[in-house]
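> Okay, handing you the structure first.
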Amino acid sequence: MPIDIDPFHAIAISRLAHRMRAEGRSVIHMEFGQPSTGAPAAAIEAAHRILDADGMGYWESPDLKARIAAHYGETYGVAVNPEQIILTCGASPAFVLALSCLFSPGARVALARPGYVAYRNTLKALHLVPVELACGEAERFQITADAIERLEPAPDGLIVASPANPTGTIIPPDELRALAEVCKRRGIALVSDEIYHGLSYTLPADTMLQHAPDALIVNSFSKYFSMAGWRLGWLVVPEALIDAARARMGNLFLTPPSLAQHAGLIAFDCRDELEGHIQTYARNRELLLKALPAMGLRRIAPPDGAFYIYADVGHLTDDSLSFCEELLRDTGVAIAPGLDFDPVDGKGFIRISFAVSTDQVEEAIRRIEPWLKAKATIAVGARIE
């Protein structure tokens with residue numbers, strides 16, 4: 001029998017937002033985790049040159065693999081062999097490669113709840129068993145070493161994400177080290193999603209390779225490098241898994257787009273432009289952290305990194321999907337329902353992406369504030385009755 005896969009509800013919100021825009025409505029897109037900026041200018045310029053000069057085809061860029069490997073030494077002080085880098089068509093295929101290299105059907109893989117919707121659904125699609133651990137305010141919405149230590153029986157694997165989606169929380173170095181130690185002791189394979197590395201506002205994010213050299217690392221050009229549409233990512237595998245990962249990549253996905261690989265190599269040298277994006281996100285984050293509590297949204301996950309606000313709206317609704325649809329229809333502001341990230345408690349949460357311009361964030365605040373105040377008045381009246 002085929003496996004049932006839950007829908008990604010933010011996609012439905014986005015479809016509605018695009019229909020409204022086509023009808024002439026003003027829409028602010030804060031529902032997806034994608035930068036509103038494009039690829040770095042120099043990367044785009046290089047892509048234009050390549051289009052005129054190279055017919056392209058199935059290809060892996062040795063220069064790009066070497067540049068990514070060097071990045072781990074420069075940024076984290078970790079030595080990585082370029083052959084450990086498997087270039088992929090974004091982070092999603094990298095995640096499929098990692099899981100299929102490590103686990104057989106029926107394996108149990110632990111992960112945080114709330115967490116990225118595709119973790120749970122990709123595990124299910126591969127006939128693996130998601131073991132979701134509820135992570136709330138007390139744990140800063142993150143997996144802890146103590147929780148993995150207590151989990152019986154020990155899972156076959158663990159997915160960690162730091163900074164995390166939907167919360168933006170970062171796991172501090174000492175906790176990452178403790179997670180690595182408990183996983184090594186209990187024979188638990190580690191997959192670390194590091195797609196939001198480079199997007200930090202409070203403390204820097206360690207790579208799991210600093211604490212667990214045999215961990216599999218997923219990353220991508222979609223977030224920090226602002227190249228979501230180019231479909232380019234990578235997987236770092238231990239040397240013992242290089243052949244297995246390459247076999248899966250070749251059979252399932254062939255190679256990433258050649259043009260994206262050329263552009264990605266150039267993007268690594270566009271740090272000034274990319275850091276300018278971080279400054280914009282930081283301003284947007286501060287605006288929302290100031291405005292949302294004044295609107296009554298006071299319970300917010302600590303957004304240490306990424307570009308999300310995960311906020312509790314349980315005092316206003318027990319149906320976050322309908323809440324987001326109503327907000328979009330009434331105000332033109334598209335956000336994501338917490339139901340995507342937490343099928344149990346997410347009915348009372350929303351996720352707001354601030355990877356847009358500061359002008360758009362300011363306009364979104366102006367639109368949302370009266371709407372939320374009206375919602376709060378209705379909710380108070382309902383409780384009194």
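Quick note on naming: the chains in the structure tokens go A, B, ... in the order shown, residues restart at 1 in each chain, and ligands are numbered from 1 in order of appearance.
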As a list in words, please: the residues near stretch 167-176 of chain A (cut-off 7 Å, only C-alpha atoms, same-chain neighbours under 6 positions excluded).
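That gives Arg140, Thr144, Ala145, Ala205, Asp206, Met208, Ala301, Pro302, Pro303, Asp304, Gly305, Ala306, Phe307, Tyr308, Ile309 and Tyr310 of chain A.
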> Determine the nearest neighbour of A:Ala355 from the options A:Thr317, A:Gln279, A:Thr377, A:Asn219, counting only C-alpha atoms.
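Closest candidate: A:Gln279.
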> Residues of stretch 152-289 of chain A in alpha helix (DSSP H) according to DSSP, as JSON, numbers by chain?
{"A": [173, 174, 175, 176, 177, 178, 179, 180, 181, 182, 183, 184, 185, 186, 242, 243, 244, 245, 246, 247, 248, 249, 250, 251, 252, 258, 259, 260, 261, 262, 263, 264, 265, 266, 267, 271, 272, 273, 274, 275, 276, 277, 278, 279, 280, 281, 282, 283, 284, 285, 286, 287, 288, 289]}
> Which neighbours of A:Ala134 fall inside 10 Å, counting only C-alpha atoms, when residues of the same chain fewer than 3 positions from it are skipped, and could you give them as a list in words?
Leu111, Ala112, Arg113, Pro114, Gly115, Val131, Glu139, Phe141, Gln142, Ile143, Ala147, Asp342, Val344 and Asp345 of chain A
> Show which residues sit within 12 Å of A:Met56, as a PyMOL selection string. Count only C-alpha atoms, and ignore same-chain residues fewer than 2 positions away.
chain A and resi 47+50-54+58-61+255-262
> Quick one: residues within 10 Å of A:Leu292, only C-alpha atoms, excluding same-chain residues fewer than 2 positions away - as a PyMOL selection string?
chain A and resi 287-290+294-300+309+311+365+368-369+372
> Keeping only N, CA, C and O atoms, write the selected residues to a file as a PDB file, in the first residue's frame.

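selection_13.pdb, freshly written:
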```
ATOM      1  N   LEU A 287      12.184  44.635  14.134  1.00  0.00           N
ATOM      2  CA  LEU A 287      10.874  45.252  13.963  1.00  0.00           C
ATOM      3  C   LEU A 287       9.755  44.331  14.438  1.00  0.00           C
ATOM      4  O   LEU A 287       8.831  44.763  15.150  1.00  0.00           O
ATOM      5  N   LEU A 288       9.822  43.064  14.061  1.00  0.00           N
ATOM      6  CA  LEU A 288       8.770  42.122  14.438  1.00  0.00           C
ATOM      7  C   LEU A 288       8.815  41.793  15.924  1.00  0.00           C
ATOM      8  O   LEU A 288       7.763  41.675  16.573  1.00  0.00           O
ATOM      9  N   LEU A 289      10.017  41.648  16.467  1.00  0.00           N
ATOM     10  CA  LEU A 289      10.122  41.349  17.897  1.00  0.00           C
ATOM     11  C   LEU A 289       9.599  42.493  18.754  1.00  0.00           C
ATOM     12  O   LEU A 289       9.158  42.281  19.891  1.00  0.00           O
ATOM     13  N   LYS A 290       9.648  43.681  18.233  1.00  0.00           N
ATOM     14  CA  LYS A 290       9.080  44.830  18.948  1.00  0.00           C
ATOM     15  C   LYS A 290       7.571  44.934  18.726  1.00  0.00           C
ATOM     16  O   LYS A 290       6.806  45.200  19.669  1.00  0.00           O
ATOM     17  N   ALA A 294       3.426  43.829  21.229  1.00  0.00           N
ATOM     18  CA  ALA A 294       2.483  44.937  21.405  1.00  0.00           C
ATOM     19  C   ALA A 294       1.118  44.605  20.806  1.00  0.00           C
ATOM     20  O   ALA A 294       0.102  45.201  21.195  1.00  0.00           O
ATOM     21  N   MET A 295       1.087  43.649  19.868  1.00  0.00           N
ATOM     22  CA  MET A 295      -0.177  43.204  19.284  1.00  0.00           C
ATOM     23  C   MET A 295      -0.798  42.049  20.064  1.00  0.00           C
ATOM     24  O   MET A 295      -1.845  41.527  19.669  1.00  0.00           O
ATOM     25  N   GLY A 296      -0.119  41.594  21.117  1.00  0.00           N
ATOM     26  CA  GLY A 296      -0.644  40.490  21.917  1.00  0.00           C
ATOM     27  C   GLY A 296       0.020  39.161  21.673  1.00  0.00           C
ATOM     28  O   GLY A 296      -0.319  38.167  22.324  1.00  0.00           O
ATOM     29  N   LEU A 297       0.989  39.091  20.740  1.00  0.00           N
ATOM     30  CA  LEU A 297       1.711  37.839  20.471  1.00  0.00           C
ATOM     31  C   LEU A 297       3.011  37.860  21.273  1.00  0.00           C
ATOM     32  O   LEU A 297       4.064  38.249  20.773  1.00  0.00           O
ATOM     33  N   ARG A 298       2.911  37.446  22.525  1.00  0.00           N
ATOM     34  CA  ARG A 298       4.050  37.577  23.443  1.00  0.00           C
ATOM     35  C   ARG A 298       4.857  36.292  23.577  1.00  0.00           C
ATOM     36  O   ARG A 298       5.995  36.340  24.051  1.00  0.00           O
ATOM     37  N   ARG A 299       4.287  35.174  23.204  1.00  0.00           N
ATOM     38  CA  ARG A 299       5.000  33.898  23.329  1.00  0.00           C
ATOM     39  C   ARG A 299       5.605  33.564  21.966  1.00  0.00           C
ATOM     40  O   ARG A 299       4.924  33.065  21.074  1.00  0.00           O
ATOM     41  N   ILE A 300       6.880  33.862  21.825  1.00  0.00           N
ATOM     42  CA  ILE A 300       7.596  33.716  20.557  1.00  0.00           C
ATOM     43  C   ILE A 300       8.843  32.880  20.796  1.00  0.00           C
ATOM     44  O   ILE A 300       9.578  33.113  21.764  1.00  0.00           O
ATOM     45  N   ILE A 309       9.765  33.944  12.558  1.00  0.00           N
ATOM     46  CA  ILE A 309       9.158  34.138  13.868  1.00  0.00           C
ATOM     47  C   ILE A 309       8.113  33.036  14.021  1.00  0.00           C
ATOM     48  O   ILE A 309       7.205  32.915  13.188  1.00  0.00           O
ATOM     49  N   ALA A 311       5.257  31.984  16.458  1.00  0.00           N
ATOM     50  CA  ALA A 311       4.509  32.650  17.521  1.00  0.00           C
ATOM     51  C   ALA A 311       3.268  31.866  17.908  1.00  0.00           C
ATOM     52  O   ALA A 311       2.579  31.270  17.060  1.00  0.00           O
ATOM     53  N   ILE A 365       3.205  44.840   9.208  1.00  0.00           N
ATOM     54  CA  ILE A 365       2.865  45.200  10.585  1.00  0.00           C
ATOM     55  C   ILE A 365       1.666  46.135  10.614  1.00  0.00           C
ATOM     56  O   ILE A 365       0.741  45.974  11.426  1.00  0.00           O
ATOM     57  N   ILE A 368      -1.430  43.983   9.833  1.00  0.00           N
ATOM     58  CA  ILE A 368      -1.764  42.928  10.787  1.00  0.00           C
ATOM     59  C   ILE A 368      -2.264  43.492  12.117  1.00  0.00           C
ATOM     60  O   ILE A 368      -3.157  42.909  12.749  1.00  0.00           O
ATOM     61  N   GLU A 369      -1.713  44.604  12.550  1.00  0.00           N
ATOM     62  CA  GLU A 369      -2.010  45.109  13.899  1.00  0.00           C
ATOM     63  C   GLU A 369      -3.508  45.291  14.152  1.00  0.00           C
ATOM     64  O   GLU A 369      -4.042  44.732  15.127  1.00  0.00           O
ATOM     65  N   LEU A 372      -5.314  41.802  14.228  1.00  0.00           N
ATOM     66  CA  LEU A 372      -5.095  41.016  15.440  1.00  0.00           C
ATOM     67  C   LEU A 372      -5.850  41.604  16.628  1.00  0.00           C
ATOM     68  O   LEU A 372      -6.385  40.865  17.468  1.00  0.00           O
TER      69      LEU A 372
END
```
> What's the 8 Å shell around A:Gly264, counting only C-alpha atoms, without same-chain residues fewer than 6 positions away, as a PDB file with C-alpha atoms, in the first residue's frame?

```pdb
ATOM      1  CA  ALA A  43      26.806  35.001  -9.973  1.00  0.00           C
ATOM      2  CA  LEU A  64      32.725  23.868  -6.525  1.00  0.00           C
ATOM      3  CA  PHE A 221      22.561  27.611  -1.684  1.00  0.00           C
ATOM      4  CA  LEU A 232      21.717  23.590  -5.752  1.00  0.00           C
TER       5      LEU A 232
END
```
> So the first atom is atom CA of A:Thr37 and the second is atom CA of A:Ala282; what is the distance between them in Å, to one decimal place?
14.8 Å
